[in-house]
>>> print(open('my_file.cif').read())   # mmCIF, N, CA and C atoms, pLDDT in the B column; chains and numbers go by the auth columns
data_upload
loop_
_atom_site.group_PDB
_atom_site.id
_atom_site.type_symbol
_atom_site.label_atom_id
_atom_site.label_comp_id
_atom_site.label_asym_id
_atom_site.label_seq_id
_atom_site.Cartn_x
_atom_site.Cartn_y
_atom_site.Cartn_z
_atom_site.B_iso_or_equiv
_atom_site.auth_seq_id
_atom_site.auth_asym_id
ATOM 1 N N MET A 1 115.406 130.338 98.345 88.00 1 A
ATOM 2 C CA MET A 1 114.768 129.208 98.978 88.00 1 A
ATOM 3 C C MET A 1 115.533 127.921 98.630 88.00 1 A
ATOM 4 N N LYS A 2 115.673 127.071 99.593 89.00 2 A
ATOM 5 C CA LYS A 2 116.419 125.826 99.422 89.00 2 A
ATOM 6 C C LYS A 2 115.437 124.657 99.399 89.00 2 A
ATOM 7 N N GLU A 3 115.665 123.714 98.505 89.00 3 A
ATOM 8 C CA GLU A 3 114.844 122.503 98.449 89.00 3 A
ATOM 9 C C GLU A 3 115.585 121.374 99.149 89.00 3 A
ATOM 10 N N ILE A 4 114.891 120.680 100.033 90.00 4 A
ATOM 11 C CA ILE A 4 115.502 119.559 100.740 90.00 4 A
ATOM 12 C C ILE A 4 114.593 118.338 100.659 90.00 4 A
ATOM 13 N N LEU A 5 115.199 117.172 100.738 93.00 5 A
ATOM 14 C CA LEU A 5 114.456 115.923 100.770 93.00 5 A
ATOM 15 C C LEU A 5 114.207 115.553 102.226 93.00 5 A
ATOM 16 N N SER A 6 112.947 115.436 102.592 96.00 6 A
ATOM 17 C CA SER A 6 112.584 115.015 103.944 96.00 6 A
ATOM 18 C C SER A 6 112.062 113.586 103.890 96.00 6 A
ATOM 19 N N ASN A 7 112.047 112.931 105.052 98.00 7 A
ATOM 20 C CA ASN A 7 111.553 111.563 105.055 98.00 7 A
ATOM 21 C C ASN A 7 110.981 111.180 106.416 98.00 7 A
ATOM 22 N N ALA A 8 110.218 110.103 106.384 98.00 8 A
ATOM 23 C CA ALA A 8 109.610 109.559 107.597 98.00 8 A
ATOM 24 C C ALA A 8 110.163 108.167 107.890 98.00 8 A
ATOM 25 N N VAL A 9 111.384 107.909 107.457 98.00 9 A
ATOM 26 C CA VAL A 9 111.955 106.573 107.622 98.00 9 A
ATOM 27 C C VAL A 9 112.062 106.205 109.101 98.00 9 A
ATOM 28 N N ARG A 10 112.626 107.084 109.899 98.00 10 A
ATOM 29 C CA ARG A 10 112.785 106.765 111.326 98.00 10 A
ATOM 30 C C ARG A 10 111.431 106.559 111.997 98.00 10 A
ATOM 31 N N LYS A 11 110.484 107.446 111.715 98.00 11 A
ATOM 32 C CA LYS A 11 109.146 107.336 112.307 98.00 11 A
ATOM 33 C C LYS A 11 108.507 105.994 111.947 98.00 11 A
ATOM 34 N N ARG A 12 108.518 105.653 110.680 98.00 12 A
ATOM 35 C CA ARG A 12 107.918 104.380 110.234 98.00 12 A
ATOM 36 C C ARG A 12 108.656 103.188 110.834 98.00 12 A
ATOM 37 N N ARG A 13 109.975 103.270 110.845 98.00 13 A
ATOM 38 C CA ARG A 13 110.775 102.159 111.370 98.00 13 A
ATOM 39 C C ARG A 13 110.461 101.927 112.841 98.00 13 A
ATOM 40 N N GLU A 14 110.404 103.011 113.607 98.00 14 A
ATOM 41 C CA GLU A 14 110.100 102.879 115.037 98.00 14 A
ATOM 42 C C GLU A 14 108.672 102.393 115.265 98.00 14 A
ATOM 43 N N GLU A 15 107.725 102.853 114.455 97.00 15 A
ATOM 44 C CA GLU A 15 106.338 102.381 114.568 97.00 15 A
ATOM 45 C C GLU A 15 106.236 100.880 114.312 97.00 15 A
ATOM 46 N N GLU A 16 107.068 100.395 113.412 97.00 16 A
ATOM 47 C CA GLU A 16 107.051 98.971 113.048 97.00 16 A
ATOM 48 C C GLU A 16 107.912 98.121 113.987 97.00 16 A
ATOM 49 N N GLY A 17 108.691 98.768 114.847 98.00 17 A
ATOM 50 C CA GLY A 17 109.564 98.035 115.756 98.00 17 A
ATOM 51 C C GLY A 17 110.733 97.371 115.058 98.00 17 A
ATOM 52 N N VAL A 18 111.225 98.016 114.014 98.00 18 A
ATOM 53 C CA VAL A 18 112.322 97.484 113.206 98.00 18 A
ATOM 54 C C VAL A 18 113.600 98.248 113.551 98.00 18 A
ATOM 55 N N THR A 19 114.696 97.540 113.688 98.00 19 A
ATOM 56 C CA THR A 19 115.974 98.203 113.955 98.00 19 A
ATOM 57 C C THR A 19 116.556 98.745 112.652 98.00 19 A
ATOM 58 N N GLN A 20 117.511 99.651 112.794 98.00 20 A
ATOM 59 C CA GLN A 20 118.213 100.163 111.617 98.00 20 A
ATOM 60 C C GLN A 20 118.912 99.026 110.888 98.00 20 A
ATOM 61 N N GLU A 21 119.495 98.123 111.640 98.00 21 A
ATOM 62 C CA GLU A 21 120.197 96.981 111.049 98.00 21 A
ATOM 63 C C GLU A 21 119.235 96.091 110.248 98.00 21 A
ATOM 64 N N GLU A 22 118.064 95.835 110.799 98.00 22 A
ATOM 65 C CA GLU A 22 117.080 94.990 110.103 98.00 22 A
ATOM 66 C C GLU A 22 116.618 95.646 108.807 98.00 22 A
ATOM 67 N N LEU A 23 116.320 96.938 108.869 98.00 23 A
ATOM 68 C CA LEU A 23 115.895 97.644 107.659 98.00 23 A
ATOM 69 C C LEU A 23 117.005 97.633 106.625 98.00 23 A
ATOM 70 N N ALA A 24 118.216 97.921 107.057 98.00 24 A
ATOM 71 C CA ALA A 24 119.362 97.929 106.146 98.00 24 A
ATOM 72 C C ALA A 24 119.517 96.585 105.434 98.00 24 A
ATOM 73 N N GLU A 25 119.430 95.522 106.199 98.00 25 A
ATOM 74 C CA GLU A 25 119.567 94.185 105.617 98.00 25 A
ATOM 75 C C GLU A 25 118.468 93.906 104.594 98.00 25 A
ATOM 76 N N GLU A 26 117.256 94.292 104.916 98.00 26 A
ATOM 77 C CA GLU A 26 116.114 94.031 104.028 98.00 26 A
ATOM 78 C C GLU A 26 116.207 94.784 102.707 98.00 26 A
ATOM 79 N N VAL A 27 116.774 95.994 102.738 98.00 27 A
ATOM 80 C CA VAL A 27 116.840 96.789 101.504 98.00 27 A
ATOM 81 C C VAL A 27 118.222 96.772 100.854 98.00 27 A
ATOM 82 N N GLY A 28 119.172 96.058 101.456 98.00 28 A
ATOM 83 C CA GLY A 28 120.469 95.837 100.825 98.00 28 A
ATOM 84 C C GLY A 28 121.486 96.951 100.962 98.00 28 A
ATOM 85 N N VAL A 29 121.458 97.643 102.112 98.00 29 A
ATOM 86 C CA VAL A 29 122.449 98.688 102.372 98.00 29 A
ATOM 87 C C VAL A 29 123.037 98.484 103.764 98.00 29 A
ATOM 88 N N THR A 30 123.950 99.371 104.159 98.00 30 A
ATOM 89 C CA THR A 30 124.534 99.280 105.497 98.00 30 A
ATOM 90 C C THR A 30 123.680 100.052 106.498 98.00 30 A
ATOM 91 N N ARG A 31 123.888 99.757 107.753 98.00 31 A
ATOM 92 C CA ARG A 31 123.210 100.488 108.824 98.00 31 A
ATOM 93 C C ARG A 31 123.576 101.971 108.756 98.00 31 A
ATOM 94 N N GLN A 32 124.817 102.261 108.396 98.00 32 A
ATOM 95 C CA GLN A 32 125.267 103.646 108.285 98.00 32 A
ATOM 96 C C GLN A 32 124.471 104.412 107.224 98.00 32 A
ATOM 97 N N THR A 33 124.099 103.732 106.154 98.00 33 A
ATOM 98 C CA THR A 33 123.288 104.372 105.115 98.00 33 A
ATOM 99 C C THR A 33 121.911 104.727 105.659 98.00 33 A
ATOM 100 N N ILE A 34 121.310 103.822 106.426 98.00 34 A
ATOM 101 C CA ILE A 34 119.999 104.096 107.028 98.00 34 A
ATOM 102 C C ILE A 34 120.102 105.274 107.991 98.00 34 A
ATOM 103 N N ILE A 35 121.159 105.306 108.786 98.00 35 A
ATOM 104 C CA ILE A 35 121.371 106.426 109.711 98.00 35 A
ATOM 105 C C ILE A 35 121.442 107.736 108.931 98.00 35 A
ATOM 106 N N ALA A 36 122.211 107.765 107.856 98.00 36 A
ATOM 107 C CA ALA A 36 122.375 108.982 107.059 98.00 36 A
ATOM 108 C C ALA A 36 121.051 109.418 106.427 98.00 36 A
ATOM 109 N N ILE A 37 120.259 108.466 105.959 98.00 37 A
ATOM 110 C CA ILE A 37 118.951 108.788 105.378 98.00 37 A
ATOM 111 C C ILE A 37 118.044 109.384 106.455 98.00 37 A
ATOM 112 N N GLU A 38 117.980 108.740 107.606 98.00 38 A
ATOM 113 C CA GLU A 38 117.113 109.216 108.686 98.00 38 A
ATOM 114 C C GLU A 38 117.489 110.625 109.141 98.00 38 A
ATOM 115 N N LYS A 39 118.780 110.934 109.152 96.00 39 A
ATOM 116 C CA LYS A 39 119.247 112.263 109.571 96.00 39 A
ATOM 117 C C LYS A 39 119.088 113.311 108.469 96.00 39 A
ATOM 118 N N GLY A 40 118.771 112.855 107.259 93.00 40 A
ATOM 119 C CA GLY A 40 118.647 113.782 106.143 93.00 40 A
ATOM 120 C C GLY A 40 119.973 114.156 105.523 93.00 40 A
ATOM 121 N N ASN A 41 121.007 113.384 105.826 95.00 41 A
ATOM 122 C CA ASN A 41 122.342 113.651 105.287 95.00 41 A
ATOM 123 C C ASN A 41 122.608 112.942 103.968 95.00 41 A
ATOM 124 N N TYR A 42 121.688 112.081 103.551 96.00 42 A
ATOM 125 C CA TYR A 42 121.889 111.290 102.335 96.00 42 A
ATOM 126 C C TYR A 42 120.548 111.130 101.630 96.00 42 A
ATOM 127 N N ALA A 43 120.521 111.485 100.359 96.00 43 A
ATOM 128 C CA ALA A 43 119.328 111.286 99.531 96.00 43 A
ATOM 129 C C ALA A 43 119.486 109.951 98.811 96.00 43 A
ATOM 130 N N PRO A 44 118.629 108.995 99.106 98.00 44 A
ATOM 131 C CA PRO A 44 118.771 107.677 98.487 98.00 44 A
ATOM 132 C C PRO A 44 118.457 107.708 96.995 98.00 44 A
ATOM 133 N N SER A 45 118.960 106.721 96.306 97.00 45 A
ATOM 134 C CA SER A 45 118.610 106.573 94.892 97.00 45 A
ATOM 135 C C SER A 45 117.117 106.279 94.792 97.00 45 A
ATOM 136 N N VAL A 46 116.575 106.442 93.610 97.00 46 A
ATOM 137 C CA VAL A 46 115.160 106.142 93.406 97.00 46 A
ATOM 138 C C VAL A 46 114.896 104.673 93.748 97.00 46 A
ATOM 139 N N LEU A 47 115.775 103.788 93.331 98.00 47 A
ATOM 140 C CA LEU A 47 115.594 102.364 93.609 98.00 47 A
ATOM 141 C C LEU A 47 115.567 102.092 95.109 98.00 47 A
ATOM 142 N N LEU A 48 116.505 102.672 95.852 98.00 48 A
ATOM 143 C CA LEU A 48 116.541 102.458 97.295 98.00 48 A
ATOM 144 C C LEU A 48 115.301 103.060 97.964 98.00 48 A
ATOM 145 N N ALA A 49 114.894 104.240 97.533 98.00 49 A
ATOM 146 C CA ALA A 49 113.686 104.861 98.097 98.00 49 A
ATOM 147 C C ALA A 49 112.468 103.978 97.857 98.00 49 A
ATOM 148 N N LEU A 50 112.369 103.405 96.677 98.00 50 A
ATOM 149 C CA LEU A 50 111.250 102.499 96.370 98.00 50 A
ATOM 150 C C LEU A 50 111.299 101.242 97.238 98.00 50 A
ATOM 151 N N LYS A 51 112.487 100.700 97.444 98.00 51 A
ATOM 152 C CA LYS A 51 112.628 99.507 98.296 98.00 51 A
ATOM 153 C C LYS A 51 112.200 99.804 99.729 98.00 51 A
ATOM 154 N N ILE A 52 112.575 100.976 100.237 98.00 52 A
ATOM 155 C CA ILE A 52 112.203 101.344 101.598 98.00 52 A
ATOM 156 C C ILE A 52 110.702 101.525 101.699 98.00 52 A
ATOM 157 N N ALA A 53 110.096 102.216 100.739 98.00 53 A
ATOM 158 C CA ALA A 53 108.642 102.410 100.738 98.00 53 A
ATOM 159 C C ALA A 53 107.924 101.061 100.657 98.00 53 A
ATOM 160 N N GLU A 54 108.419 100.179 99.817 98.00 54 A
ATOM 161 C CA GLU A 54 107.814 98.848 99.682 98.00 54 A
ATOM 162 C C GLU A 54 107.937 98.060 100.986 98.00 54 A
ATOM 163 N N PHE A 55 109.072 98.182 101.649 98.00 55 A
ATOM 164 C CA PHE A 55 109.278 97.485 102.918 98.00 55 A
ATOM 165 C C PHE A 55 108.199 97.880 103.921 98.00 55 A
ATOM 166 N N PHE A 56 107.852 99.171 103.946 98.00 56 A
ATOM 167 C CA PHE A 56 106.843 99.662 104.886 98.00 56 A
ATOM 168 C C PHE A 56 105.414 99.565 104.337 98.00 56 A
ATOM 169 N N HIS A 57 105.269 99.044 103.119 98.00 57 A
ATOM 170 C CA HIS A 57 103.949 98.918 102.485 98.00 57 A
ATOM 171 C C HIS A 57 103.237 100.261 102.417 98.00 57 A
ATOM 172 N N LYS A 58 104.001 101.292 102.029 97.00 58 A
ATOM 173 C CA LYS A 58 103.470 102.651 101.928 97.00 58 A
ATOM 174 C C LYS A 58 103.831 103.224 100.558 97.00 58 A
ATOM 175 N N PRO A 59 103.018 104.154 100.059 98.00 59 A
ATOM 176 C CA PRO A 59 103.395 104.836 98.817 98.00 59 A
ATOM 177 C C PRO A 59 104.673 105.652 99.041 98.00 59 A
ATOM 178 N N LEU A 60 105.455 105.803 98.016 98.00 60 A
ATOM 179 C CA LEU A 60 106.733 106.515 98.107 98.00 60 A
ATOM 180 C C LEU A 60 106.571 107.891 98.745 98.00 60 A
ATOM 181 N N GLU A 61 105.523 108.618 98.354 97.00 61 A
ATOM 182 C CA GLU A 61 105.346 109.986 98.854 97.00 61 A
ATOM 183 C C GLU A 61 104.952 110.049 100.332 97.00 61 A
ATOM 184 N N LYS A 62 104.614 108.929 100.935 97.00 62 A
ATOM 185 C CA LYS A 62 104.354 108.888 102.376 97.00 62 A
ATOM 186 C C LYS A 62 105.650 108.695 103.166 97.00 62 A
ATOM 187 N N ILE A 63 106.708 108.296 102.474 98.00 63 A
ATOM 188 C CA ILE A 63 108.008 108.072 103.110 98.00 63 A
ATOM 189 C C ILE A 63 108.980 109.203 102.776 98.00 63 A
ATOM 190 N N PHE A 64 108.985 109.670 101.534 98.00 64 A
ATOM 191 C CA PHE A 64 109.901 110.720 101.079 98.00 64 A
ATOM 192 C C PHE A 64 109.126 111.847 100.410 98.00 64 A
ATOM 193 N N TRP A 65 109.540 113.078 100.673 96.00 65 A
ATOM 194 C CA TRP A 65 108.960 114.249 100.019 96.00 65 A
ATOM 195 C C TRP A 65 109.988 115.372 100.050 96.00 65 A
ATOM 196 N N TYR A 66 109.779 116.380 99.211 92.00 66 A
ATOM 197 C CA TYR A 66 110.704 117.505 99.258 92.00 66 A
ATOM 198 C C TYR A 66 110.000 118.718 99.826 92.00 66 A
ATOM 199 N N GLU A 67 110.793 119.575 100.440 92.00 67 A
ATOM 200 C CA GLU A 67 110.287 120.801 101.031 92.00 67 A
ATOM 201 C C GLU A 67 111.120 121.974 100.563 92.00 67 A
ATOM 202 N N LYS A 68 110.487 123.125 100.493 91.00 68 A
ATOM 203 C CA LYS A 68 111.207 124.367 100.203 91.00 68 A
ATOM 204 C C LYS A 68 111.336 125.126 101.503 91.00 68 A
ATOM 205 N N ARG A 69 112.554 125.485 101.828 86.00 69 A
ATOM 206 C CA ARG A 69 112.789 126.245 103.073 86.00 69 A
ATOM 207 C C ARG A 69 113.516 127.520 102.764 86.00 69 A
#
>>> encode(input="my_file.cif", output="structure tokens")
Amino acid sequence: MKEILSNAVRKRREEEGVTQEELAEEVGVTRQTIIAIEKGNYAPSVLLALKIAEFFHKPLEKIFWYEKR
């Protein structure tokens, strides 16, 4: 079984009407980093994950979680 980090970044971002560029600027990364996170190709640091969760005013576990597949 493989463990993967899943996230709701794209869903939350689209619900809030925020662009990838706007989110990136707010949390201090590049747009490419946001793209990689949304696609599941990049696991953010704990600090970055906390910043993203704070941006959306959601608990960390509502934005990021791990799954066993």
>>> residues_around(input="my_file.cif", residues="region 1-10 of chain A", least_positions_apart="6", cutoff="6 Å", atoms="only N, CA and C atoms", output="count of residues only")
9
>>> atom_distance(input="my_file.cif", atom1="CA of Leu47 (chain A)", atom2="CA of Glu21 (chain A)")
18.8 Å
>>> atom_distance(input="my_file.cif", atom1="atom C of Asn41 (chain A)", atom2="atom N of Lys11 (chain A)")
15.4 Å
>>> select_by_dssp(input="my_file.cif", residues="chain A", states="helix (DSSP H, G or I)", output="number ranges by chain")
A: 9-16, 20-27, 31-39, 46-55, 60-63
>>> closest_atom_pairs(input="my_file.cif", of="region 16-41 of chain A", to="region 49-53 of chain A", cutoff="8 Å", atoms="only N, CA and C atoms", output="tab-separated table")
residue	atom	partner	partner_atom	distance
A:Leu23	C	A:Ile52	CA	7.9
A:Glu26	C	A:Lys51	C	7.1
A:Val27	CA	A:Lys51	C	5.8
>>> write_last_selection(input="my_file.cif", atoms="N, CA and C atoms", output="short mmCIF file (atom, residue, chain, number, x, y, z; two decimals), keeping the file's coordinate frame")
data_model
loop_
_atom_site.label_atom_id
_atom_site.label_comp_id
_atom_site.auth_asym_id
_atom_site.auth_seq_id
_atom_site.Cartn_x
_atom_site.Cartn_y
_atom_site.Cartn_z
N LEU A 23 116.32 96.94 108.87
CA LEU A 23 115.90 97.64 107.66
C LEU A 23 117.00 97.63 106.62
N GLU A 26 117.26 94.29 104.92
CA GLU A 26 116.11 94.03 104.03
C GLU A 26 116.21 94.78 102.71
N VAL A 27 116.77 95.99 102.74
CA VAL A 27 116.84 96.79 101.50
C VAL A 27 118.22 96.77 100.85
#
>>> select_by_dssp(input="my_file.cif", residues="chain A", states="strand (DSSP E or B)", output="PDB file with N, CA and C atoms, in the frame of the given file")
ATOM      1  N   GLU A   3     115.665 123.714  98.505  1.00 89.00           N
ATOM      2  CA  GLU A   3     114.844 122.503  98.449  1.00 89.00           C
ATOM      3  C   GLU A   3     115.585 121.374  99.149  1.00 89.00           C
ATOM      4  N   ILE A   4     114.891 120.680 100.033  1.00 90.00           N
ATOM      5  CA  ILE A   4     115.502 119.559 100.740  1.00 90.00           C
ATOM      6  C   ILE A   4     114.593 118.338 100.659  1.00 90.00           C
ATOM      7  N   LEU A   5     115.199 117.172 100.738  1.00 93.00           N
ATOM      8  CA  LEU A   5     114.456 115.923 100.770  1.00 93.00           C
ATOM      9  C   LEU A   5     114.207 115.553 102.226  1.00 93.00           C
ATOM     10  N   SER A   6     112.947 115.436 102.592  1.00 96.00           N
ATOM     11  CA  SER A   6     112.584 115.015 103.944  1.00 96.00           C
ATOM     12  C   SER A   6     112.062 113.586 103.890  1.00 96.00           C
ATOM     13  N   ASN A   7     112.047 112.931 105.052  1.00 98.00           N
ATOM     14  CA  ASN A   7     111.553 111.563 105.055  1.00 98.00           C
ATOM     15  C   ASN A   7     110.981 111.180 106.416  1.00 98.00           C
ATOM     16  N   PHE A  64     108.985 109.670 101.534  1.00 98.00           N
ATOM     17  CA  PHE A  64     109.901 110.720 101.079  1.00 98.00           C
ATOM     18  C   PHE A  64     109.126 111.847 100.410  1.00 98.00           C
ATOM     19  N   TRP A  65     109.540 113.078 100.673  1.00 96.00           N
ATOM     20  CA  TRP A  65     108.960 114.249 100.019  1.00 96.00           C
ATOM     21  C   TRP A  65     109.988 115.372 100.050  1.00 96.00           C
ATOM     22  N   TYR A  66     109.779 116.380  99.211  1.00 92.00           N
ATOM     23  CA  TYR A  66     110.704 117.505  99.258  1.00 92.00           C
ATOM     24  C   TYR A  66     110.000 118.718  99.826  1.00 92.00           C
ATOM     25  N   GLU A  67     110.793 119.575 100.440  1.00 92.00           N
ATOM     26  CA  GLU A  67     110.287 120.801 101.031  1.00 92.00           C
ATOM     27  C   GLU A  67     111.120 121.974 100.563  1.00 92.00           C
ATOM     28  N   LYS A  68     110.487 123.125 100.493  1.00 91.00           N
ATOM     29  CA  LYS A  68     111.207 124.367 100.203  1.00 91.00           C
ATOM     30  C   LYS A  68     111.336 125.126 101.503  1.00 91.00           C
TER      31      LYS A  68
END
>>> atom_distance(input="my_file.cif", atom1="CA of Thr19 (chain A)", atom2="CA of Ile34 (chain A)")
9.9 Å
>>> axis_aligned_box(input="my_file.cif", around="region 14-33 of chain A", padding_each_side="5 Å", output="JSON")
{"center_x": 115.8, "center_y": 99.3, "center_z": 108.3, "size_x": 29.0, "size_y": 20.8, "size_z": 24.9}
>>> closest_residue(input="my_file.cif", among="A:Phe55, A:Ser45, A:Leu60, A:Gly40", to="Glu22 (chain A)", atoms="only C-alpha atoms")
A:Phe55
>>> closest_residue(input="my_file.cif", among="A:Tyr42, A:Arg13, A:Arg31, A:Ile37", to="Phe56 (chain A)", atoms="all atoms listed in the file")
A:Arg13
>>> decode(input="my_file.cif", residues="region 43-63 of chain A", atoms="N, CA and C atoms", output="PDB file, in the first residue's frame")
ATOM      1  N   ALA A  43       4.732  17.939  -2.216  1.00  0.00           N
ATOM      2  CA  ALA A  43       4.246  17.987  -0.834  1.00  0.00           C
ATOM      3  C   ALA A  43       4.854  19.223  -0.178  1.00  0.00           C
ATOM      4  N   PRO A  44       4.030  20.179   0.200  1.00  0.00           N
ATOM      5  CA  PRO A  44       4.565  21.410   0.782  1.00  0.00           C
ATOM      6  C   PRO A  44       5.168  21.175   2.163  1.00  0.00           C
ATOM      7  N   SER A  45       6.023  22.081   2.552  1.00  0.00           N
ATOM      8  CA  SER A  45       6.561  22.032   3.913  1.00  0.00           C
ATOM      9  C   SER A  45       5.416  22.260   4.893  1.00  0.00           C
ATOM     10  N   VAL A  46       5.648  21.926   6.139  1.00  0.00           N
ATOM     11  CA  VAL A  46       4.625  22.149   7.159  1.00  0.00           C
ATOM     12  C   VAL A  46       4.283  23.640   7.220  1.00  0.00           C
ATOM     13  N   LEU A  47       5.282  24.493   7.159  1.00  0.00           N
ATOM     14  CA  LEU A  47       5.041  25.934   7.218  1.00  0.00           C
ATOM     15  C   LEU A  47       4.167  26.397   6.059  1.00  0.00           C
ATOM     16  N   LEU A  48       4.475  25.951   4.845  1.00  0.00           N
ATOM     17  CA  LEU A  48       3.682  26.351   3.687  1.00  0.00           C
ATOM     18  C   LEU A  48       2.256  25.799   3.789  1.00  0.00           C
ATOM     19  N   ALA A  49       2.117  24.560   4.224  1.00  0.00           N
ATOM     20  CA  ALA A  49       0.777  23.975   4.389  1.00  0.00           C
ATOM     21  C   ALA A  49      -0.035  24.778   5.397  1.00  0.00           C
ATOM     22  N   LEU A  50       0.593  25.189   6.478  1.00  0.00           N
ATOM     23  CA  LEU A  50      -0.100  26.009   7.486  1.00  0.00           C
ATOM     24  C   LEU A  50      -0.502  27.369   6.915  1.00  0.00           C
ATOM     25  N   LYS A  51       0.374  27.974   6.130  1.00  0.00           N
ATOM     26  CA  LYS A  51       0.054  29.271   5.512  1.00  0.00           C
ATOM     27  C   LYS A  51      -1.137  29.147   4.566  1.00  0.00           C
ATOM     28  N   ILE A  52      -1.180  28.065   3.792  1.00  0.00           N
ATOM     29  CA  ILE A  52      -2.285  27.864   2.864  1.00  0.00           C
ATOM     30  C   ILE A  52      -3.576  27.646   3.627  1.00  0.00           C
ATOM     31  N   ALA A  53      -3.549  26.817   4.666  1.00  0.00           N
ATOM     32  CA  ALA A  53      -4.743  26.575   5.482  1.00  0.00           C
ATOM     33  C   ALA A  53      -5.217  27.876   6.132  1.00  0.00           C
ATOM     34  N   GLU A  54      -4.288  28.658   6.634  1.00  0.00           N
ATOM     35  CA  GLU A  54      -4.640  29.939   7.259  1.00  0.00           C
ATOM     36  C   GLU A  54      -5.256  30.893   6.235  1.00  0.00           C
ATOM     37  N   PHE A  55      -4.718  30.897   5.029  1.00  0.00           N
ATOM     38  CA  PHE A  55      -5.250  31.759   3.974  1.00  0.00           C
ATOM     39  C   PHE A  55      -6.726  31.461   3.739  1.00  0.00           C
ATOM     40  N   PHE A  56      -7.085  30.173   3.758  1.00  0.00           N
ATOM     41  CA  PHE A  56      -8.473  29.774   3.522  1.00  0.00           C
ATOM     42  C   PHE A  56      -9.317  29.749   4.802  1.00  0.00           C
ATOM     43  N   HIS A  57      -8.708  30.103   5.934  1.00  0.00           N
ATOM     44  CA  HIS A  57      -9.412  30.101   7.223  1.00  0.00           C
ATOM     45  C   HIS A  57     -10.017  28.736   7.521  1.00  0.00           C
ATOM     46  N   LYS A  58      -9.219  27.691   7.264  1.00  0.00           N
ATOM     47  CA  LYS A  58      -9.658  26.312   7.481  1.00  0.00           C
ATOM     48  C   LYS A  58      -8.601  25.579   8.306  1.00  0.00           C
ATOM     49  N   PRO A  59      -9.019  24.566   9.061  1.00  0.00           N
ATOM     50  CA  PRO A  59      -8.027  23.741   9.760  1.00  0.00           C
ATOM     51  C   PRO A  59      -7.153  23.005   8.738  1.00  0.00           C
ATOM     52  N   LEU A  60      -5.931  22.750   9.093  1.00  0.00           N
ATOM     53  CA  LEU A  60      -4.976  22.100   8.193  1.00  0.00           C
ATOM     54  C   LEU A  60      -5.541  20.813   7.599  1.00  0.00           C
ATOM     55  N   GLU A  61      -6.205  20.007   8.429  1.00  0.00           N
ATOM     56  CA  GLU A  61      -6.702  18.710   7.956  1.00  0.00           C
ATOM     57  C   GLU A  61      -7.878  18.826   6.985  1.00  0.00           C
ATOM     58  N   LYS A  62      -8.449  20.002   6.834  1.00  0.00           N
ATOM     59  CA  LYS A  62      -9.491  20.220   5.827  1.00  0.00           C
ATOM     60  C   LYS A  62      -8.881  20.558   4.466  1.00  0.00           C
ATOM     61  N   ILE A  63      -7.600  20.901   4.463  1.00  0.00           N
ATOM     62  CA  ILE A  63      -6.897  21.249   3.225  1.00  0.00           C
ATOM     63  C   ILE A  63      -5.965  20.119   2.791  1.00  0.00           C
TER      64      ILE A  63
END
